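Undergrad: My questions all concern the structure below.
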Amino acid sequence: MNKRVSMLFTIAAVAVMGATLFGSTYTQTQIAGQSIDMDQMDIDVMDKIRNMGGLQLVMPEAFAETDCGVLENSGRTVVEFNLTGESVELPIMGGKTYNAMTFSGQVPGPTLRVTQGDVVKMTLTIPDWEVTGHGNDMHASQMSAGNFESVNPGEVSQYCYIAESAGIFKYHCSGVKLIGMDQHVLSGMYGIAIVDPANGYKKLMVEKTSGSGEIDRKFYDADALEFQLQYNQLYLTPEGNYDAGAMFQHHNTATVVNGMQFGYVPNMAHNLLVNGDVNKNIFVAQPWNGLEHKQYQSQLLFVENDQHVRLFIENQGNEPVFFHIVGEILDRVVQGNRVQSAATETWLLGGSQGMIVDLVFDEPGAYAAVNHDYAAIYTGAATVFVAGDPFGLNPVLVEKGVIPAPVASYAYALGNPSSAVPPMGAKASGDYVALWEVIPVVAEILTS
Ligand SMILES: [Cu+2]
């Protein structure tokens with residue numbers, strides 16, 4: 001017996017012994033067995049394993065159905081999710097562009113939102129003008145991407161699955177039969193599925209001290225203001241093409257939040273609103289100044305104080321995310337519908353890992369949510385939440401007639417960027433007012 005065969009035999013023997021000891025019957029005798037009699041083991045199984053050269057690995061398809069027929073008629077709610085695979089050119093900092101690969105022309109791809117137990121019917125269309133084939137792997141599906149293979153230009157393919165587990169799950173291109181998957185994902189072909197728990201979200205409990213040594217528990221209703229933040233990296237050549245060599249060395253060109261470096265930081269329109277001057281920056285890094293960036297314009301995220309805020313966060317990338325909000329504590333961290341932590345400062349997300357963060361911003365202010373890895377912060381992993389009215393705009397907004405009465409969040413005067421609000425998709429819905437159109441108008445009123 002050569003070494004390789006010997007090792008396989010050992011693995012097979014351990015597996016069969018495991019099955020013998022802890023098999024489906026679980027009798028007291030088996031569990032309490034004192035010794036293993038090799039003569040009593042199933043010799044046929046051993047021979048079979050040996051003859052085929054070891055154990056065969058089988059990918060689970062427990063909840064998957066590549067043929068939609070059965071699941072579509074199962075009586076469950078069926079949610080259709082239609083994606084196209086398209087290569088497009090997108091802007092990055094410094095006035096350059098890069099060759100992006102996208103689902104439906106946007107990065108991240110459209111967000112799927114379903115309720116636990118729903119059937120998802122995913123259809124991927126590749127236009128005939130597209131330069132390459134694409135695939136799709138939804139981590140909510142418990143199904144191997146290998147079953148889906150690749151969809152060629154000019155073709156359409158689909159699969160169905162039951163979204164059995166609640167939580168936030170990545171989906172991504174699986175390349176051309178898994179080849180080039182890194183290039184396709186790191187060039188923009190990713191998104192999330194939010195699977196809401198069948199019994200809904202839970203109330204948020206926040207502990208507060210009264211100052212007399214007592215702890216008061218404050219409860220917030222399960223309804224919350226929701227945002228999504230997806231972290232990734234770009235690895236690019238100077239020409240804006242994917243650089244596999246840089247990826248292997250983890251030398252990223254940029255860190256992106258929802259596809260943008262410094263996604264959701266102030267822009268020149270905010271400068272005009274707050275400082276009365278487009279050139280007076282209100283944040284250290286404002287790379288997207290300039291209204292010519294239009295839909296790629298960075299925007300702030302507006303929340304109320306004392307409001308339950310829920311963040312769906314996914315690490316789509318290749319490097320860890322140490323999620324932290326400067327000046328805040330993450331009141332609750334949930335993964336897979338199970339609470340992982342409460343009142344924590346930072347939470348680590350490995351690659352292809354997601355979480356739901358529930359929190360309340362206690363005081364008016366501007367709070368930077370970051371990946372607390374300095375290389376990531378300086379290359380783009382900073383996002384600014386503005387809570388309450390820290391800039392004292394309410395009296396002026398009321399006096400100038402922009403709003404009839406003071407508001408608890410600038411969101412009620414200016415809205416929040418649709419790309420951060422799930423289900424996202426400025427491009428997907430078209431039903432939105434662009435902040436980069438609204439803010440200059442408001443600022444003009446205030447400064448006139
Ligand atoms: Cu692809």
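Ligands are numbered from 1 in the order shown, residues from 1 within each chain, and chains are lettered A, B, ... in the order they appear in the structure tokens.
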Let me see if you get this right: every residue at most 6 Å from ligand 1, counting only C-alpha atoms and all ligand atoms, written as an MDAnalysis selection string.
TA: chainID A and resid 134:135 173 175 184
Undergrad: Excluding same-chain residues fewer than 3 positions from A:Asp362, what lies within 12 Å of it counting only C-alpha atoms, as a list in words?
TA: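 The residues that qualify are Val206, Lys208, Val303, Glu304, Asn305, Asp306, Gln307, His308, Val309, Gly327, Glu328, Ile329, Leu330, Asp331, Leu359, Gly365, Ala366, Tyr367, Val386, Ala387 and Gly388 of chain A.
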Undergrad: Write the residues you've just listed into a file as an mmCIF file, in the first residue's frame, and include C-alpha atoms for each of them.
TA:
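Contents of out.cif, as written:
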```cif
data_model
loop_
_atom_site.group_PDB
_atom_site.id
_atom_site.type_symbol
_atom_site.label_atom_id
_atom_site.label_comp_id
_atom_site.auth_asym_id
_atom_site.auth_seq_id
_atom_site.Cartn_x
_atom_site.Cartn_y
_atom_site.Cartn_z
ATOM 1 C CA VAL A 206 -29.845 49.616 25.204
ATOM 2 C CA LYS A 208 -28.230 53.390 30.227
ATOM 3 C CA VAL A 303 -30.477 59.756 11.030
ATOM 4 C CA GLU A 304 -32.351 61.022 14.080
ATOM 5 C CA ASN A 305 -30.970 60.945 17.580
ATOM 6 C CA ASP A 306 -32.589 58.299 19.774
ATOM 7 C CA GLN A 307 -33.733 56.428 16.662
ATOM 8 C CA HIS A 308 -33.299 52.678 16.124
ATOM 9 C CA VAL A 309 -30.915 52.357 13.168
ATOM 10 C CA GLY A 327 -17.875 58.121 18.611
ATOM 11 C CA GLU A 328 -20.469 55.347 18.832
ATOM 12 C CA ILE A 329 -20.925 51.923 20.359
ATOM 13 C CA LEU A 330 -22.525 49.120 18.360
ATOM 14 C CA ASP A 331 -25.534 48.379 20.534
ATOM 15 C CA LEU A 359 -27.674 51.010 17.203
ATOM 16 C CA GLY A 365 -23.055 64.963 15.484
ATOM 17 C CA ALA A 366 -21.199 63.633 12.454
ATOM 18 C CA TYR A 367 -19.967 60.064 12.945
ATOM 19 C CA VAL A 386 -25.084 62.774 10.521
ATOM 20 C CA ALA A 387 -27.372 62.457 13.532
ATOM 21 C CA GLY A 388 -29.844 65.164 14.479
#
```
Undergrad: With stretch 97-111 of chain A as the partner and 9 Å as the cut-off, tabulate the residues of stretch 142-226 of chain A that qualify, each row holding the nearest pair of atoms and their distance in Å to one decimal, using only C-alpha atoms, sorted by chain and rising number, as CSV.
TA:
```
residue,atom,partner,partner_atom,distance
A:Tyr171,CA,A:Gly109,CA,8.9
A:His172,CA,A:Phe103,CA,8.8
A:Cys173,CA,A:Phe103,CA,8.4
A:Gln183,CA,A:Met101,CA,8.6
A:His184,CA,A:Met101,CA,6.0
A:Val185,CA,A:Met101,CA,7.8
A:Leu186,CA,A:Met101,CA,8.5
A:Ser187,CA,A:Ala100,CA,5.0
A:Gly188,CA,A:Met101,CA,5.2
A:Met189,CA,A:Thr102,CA,4.7
A:Tyr190,CA,A:Pro108,CA,5.7
A:Gly191,CA,A:Gly109,CA,4.7
A:Ile192,CA,A:Thr111,CA,5.3
A:Ala193,CA,A:Thr111,CA,5.8
A:Ile194,CA,A:Thr111,CA,7.4
```
Undergrad: With distances taken over only C-alpha atoms, which residue among A:Thr253, A:Thr346, A:Thr132, A:Ser341 lies nearest A:Leu236?
TA: A:Thr253
Undergrad: By how many Å are atom CA of A:Ala411 and atom CA of A:Leu204 apart?
TA: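 It comes out at 22.0 Å.
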Undergrad: Which one is closest to A:Pro440: A:Ala405, A:Arg332, A:Ala224, A:Gly276? Count only C-alpha atoms.
TA: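 Ranking A:Ala405, A:Arg332, A:Ala224, A:Gly276 by distance to A:Pro440, first place goes to A:Gly276.
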Undergrad: Measure the distance from atom CA of A:Pro422 to atom CA of A:Thr379 in Å and round it to one decimal.
TA: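 These two atoms are separated by 24.9 Å.
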Undergrad: From stretch 257-320 of chain A, collect each residue whose DSSP state is strand (DSSP E or B) and return the set as a count of residues only.
TA: 13
Undergrad: DSSP on the backbone: which residues in stretch 347-406 of chain A end up as helix (DSSP H, G or I)? Give the answer as a PyMOL selection string.
TA: chain A and resi 374-378+394-399
Undergrad: Tell me, as JSON, numbers by chain, which residues lie within 12 Å of A:Asp137, counting only C-alpha atoms; anything in the same chain fewer than 2 positions away does not count.
TA: {"A": [64, 122, 123, 124, 134, 135, 139, 140, 141, 142, 143, 144, 145, 146, 147, 148, 149, 150, 158, 159, 160, 161, 169, 170, 171, 172, 173, 174, 175, 176, 177, 178, 181, 185, 189, 190, 191, 192, 193, 352]}
Undergrad: Quick one: residues within 9 Å of A:Met268, only C-alpha atoms, excluding same-chain residues fewer than 3 positions away - as a ChimeraX atom specification?
TA: /A:271-273,277-281,286,288-291,440
Undergrad: In Å, rounded to a single decimal, give me how far atom CA of A:Thr344 is from atom CA of A:Ile313.
TA: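 Atom-to-atom, atom CA of A:Ile313 and atom CA of A:Thr344 are spaced 15.6 Å apart.
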Undergrad: Which residue out of A:Leu446, A:Lys218, A:Ala369, A:Val357 has the minimum interatomic distance to A:Lys400 when only C-alpha atoms are used?
TA: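 Of A:Leu446, A:Lys218, A:Ala369, A:Val357, the one nearest A:Lys400, counting only C-alpha atoms, is A:Leu446.
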Undergrad: Near A:Val402, counting only C-alpha atoms, which residues have an atom at most 8 Å away, once you skip same-chain residues fewer than 4 positions from it, shown as an mmCIF file with N, CA and C atoms, in the first residue's frame?
TA:
```cif
data_model
loop_
_atom_site.group_PDB
_atom_site.id
_atom_site.type_symbol
_atom_site.label_atom_id
_atom_site.label_comp_id
_atom_site.auth_asym_id
_atom_site.auth_seq_id
_atom_site.Cartn_x
_atom_site.Cartn_y
_atom_site.Cartn_z
ATOM 1 N N LEU A 397 -33.627 76.661 7.907
ATOM 2 C CA LEU A 397 -34.475 75.912 6.971
ATOM 3 C C LEU A 397 -35.943 76.296 7.150
ATOM 4 N N VAL A 398 -36.346 76.490 8.396
ATOM 5 C CA VAL A 398 -37.730 76.872 8.670
ATOM 6 C C VAL A 398 -37.984 78.304 8.199
ATOM 7 N N ALA A 413 -35.560 66.682 5.195
ATOM 8 C CA ALA A 413 -35.451 67.815 4.275
ATOM 9 C C ALA A 413 -34.743 67.398 2.990
ATOM 10 N N VAL A 442 -31.454 73.774 -2.019
ATOM 11 C CA VAL A 442 -31.673 74.163 -0.627
ATOM 12 C C VAL A 442 -30.601 75.174 -0.186
ATOM 13 N N ILE A 445 -31.270 78.570 -1.519
ATOM 14 C CA ILE A 445 -32.323 79.271 -0.760
ATOM 15 C C ILE A 445 -31.738 79.850 0.525
#
```
Undergrad: For each of A:Leu225, A:Ile92, A:Ile215, A:Val284, take the minimum atom-to-atom distance to A:Phe312, counting only C-alpha atoms, then give the residue where this is smallest.
TA: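 Among the listed residues, A:Leu225 lies closest to A:Phe312.
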Undergrad: Please provide the set of residues having any atom within 7 Å of stretch 227-229 of chain A, restricted to only C-alpha atoms, with same-chain residues fewer than 5 positions apart removed, written as a list in words.
TA: Val257, Asn258, Arg310, Leu311, Phe312, Ile313, Glu314, Ala420, Val421 and Pro422 of chain A
Undergrad: A:Asn315: which residues within 6 Å, counting only C-alpha atoms, same-chain residues fewer than 5 positions away excluded, as a ChimeraX atom specification?
TA: /A:230-231,351-353
Undergrad: Produce a file of the selected residues containing C-alpha atoms, as an mmCIF file, in the first residue's frame.
TA:
```cif
data_model
loop_
_atom_site.group_PDB
_atom_site.id
_atom_site.type_symbol
_atom_site.label_atom_id
_atom_site.label_comp_id
_atom_site.auth_asym_id
_atom_site.auth_seq_id
_atom_site.Cartn_x
_atom_site.Cartn_y
_atom_site.Cartn_z
ATOM 1 C CA GLN A 230 -20.899 46.645 1.441
ATOM 2 C CA TYR A 231 -17.113 46.661 1.664
ATOM 3 C CA GLY A 351 -14.223 37.785 3.743
ATOM 4 C CA SER A 352 -17.760 36.924 2.606
ATOM 5 C CA GLN A 353 -19.159 37.491 6.068
#
```
Undergrad: Please determine, counting only C-alpha atoms, which residue among A:Ile325, A:Gly317, A:Asp358, A:Gly167 has the shortest atom-to-atom distance to A:Glu345.
TA: A:Ile325
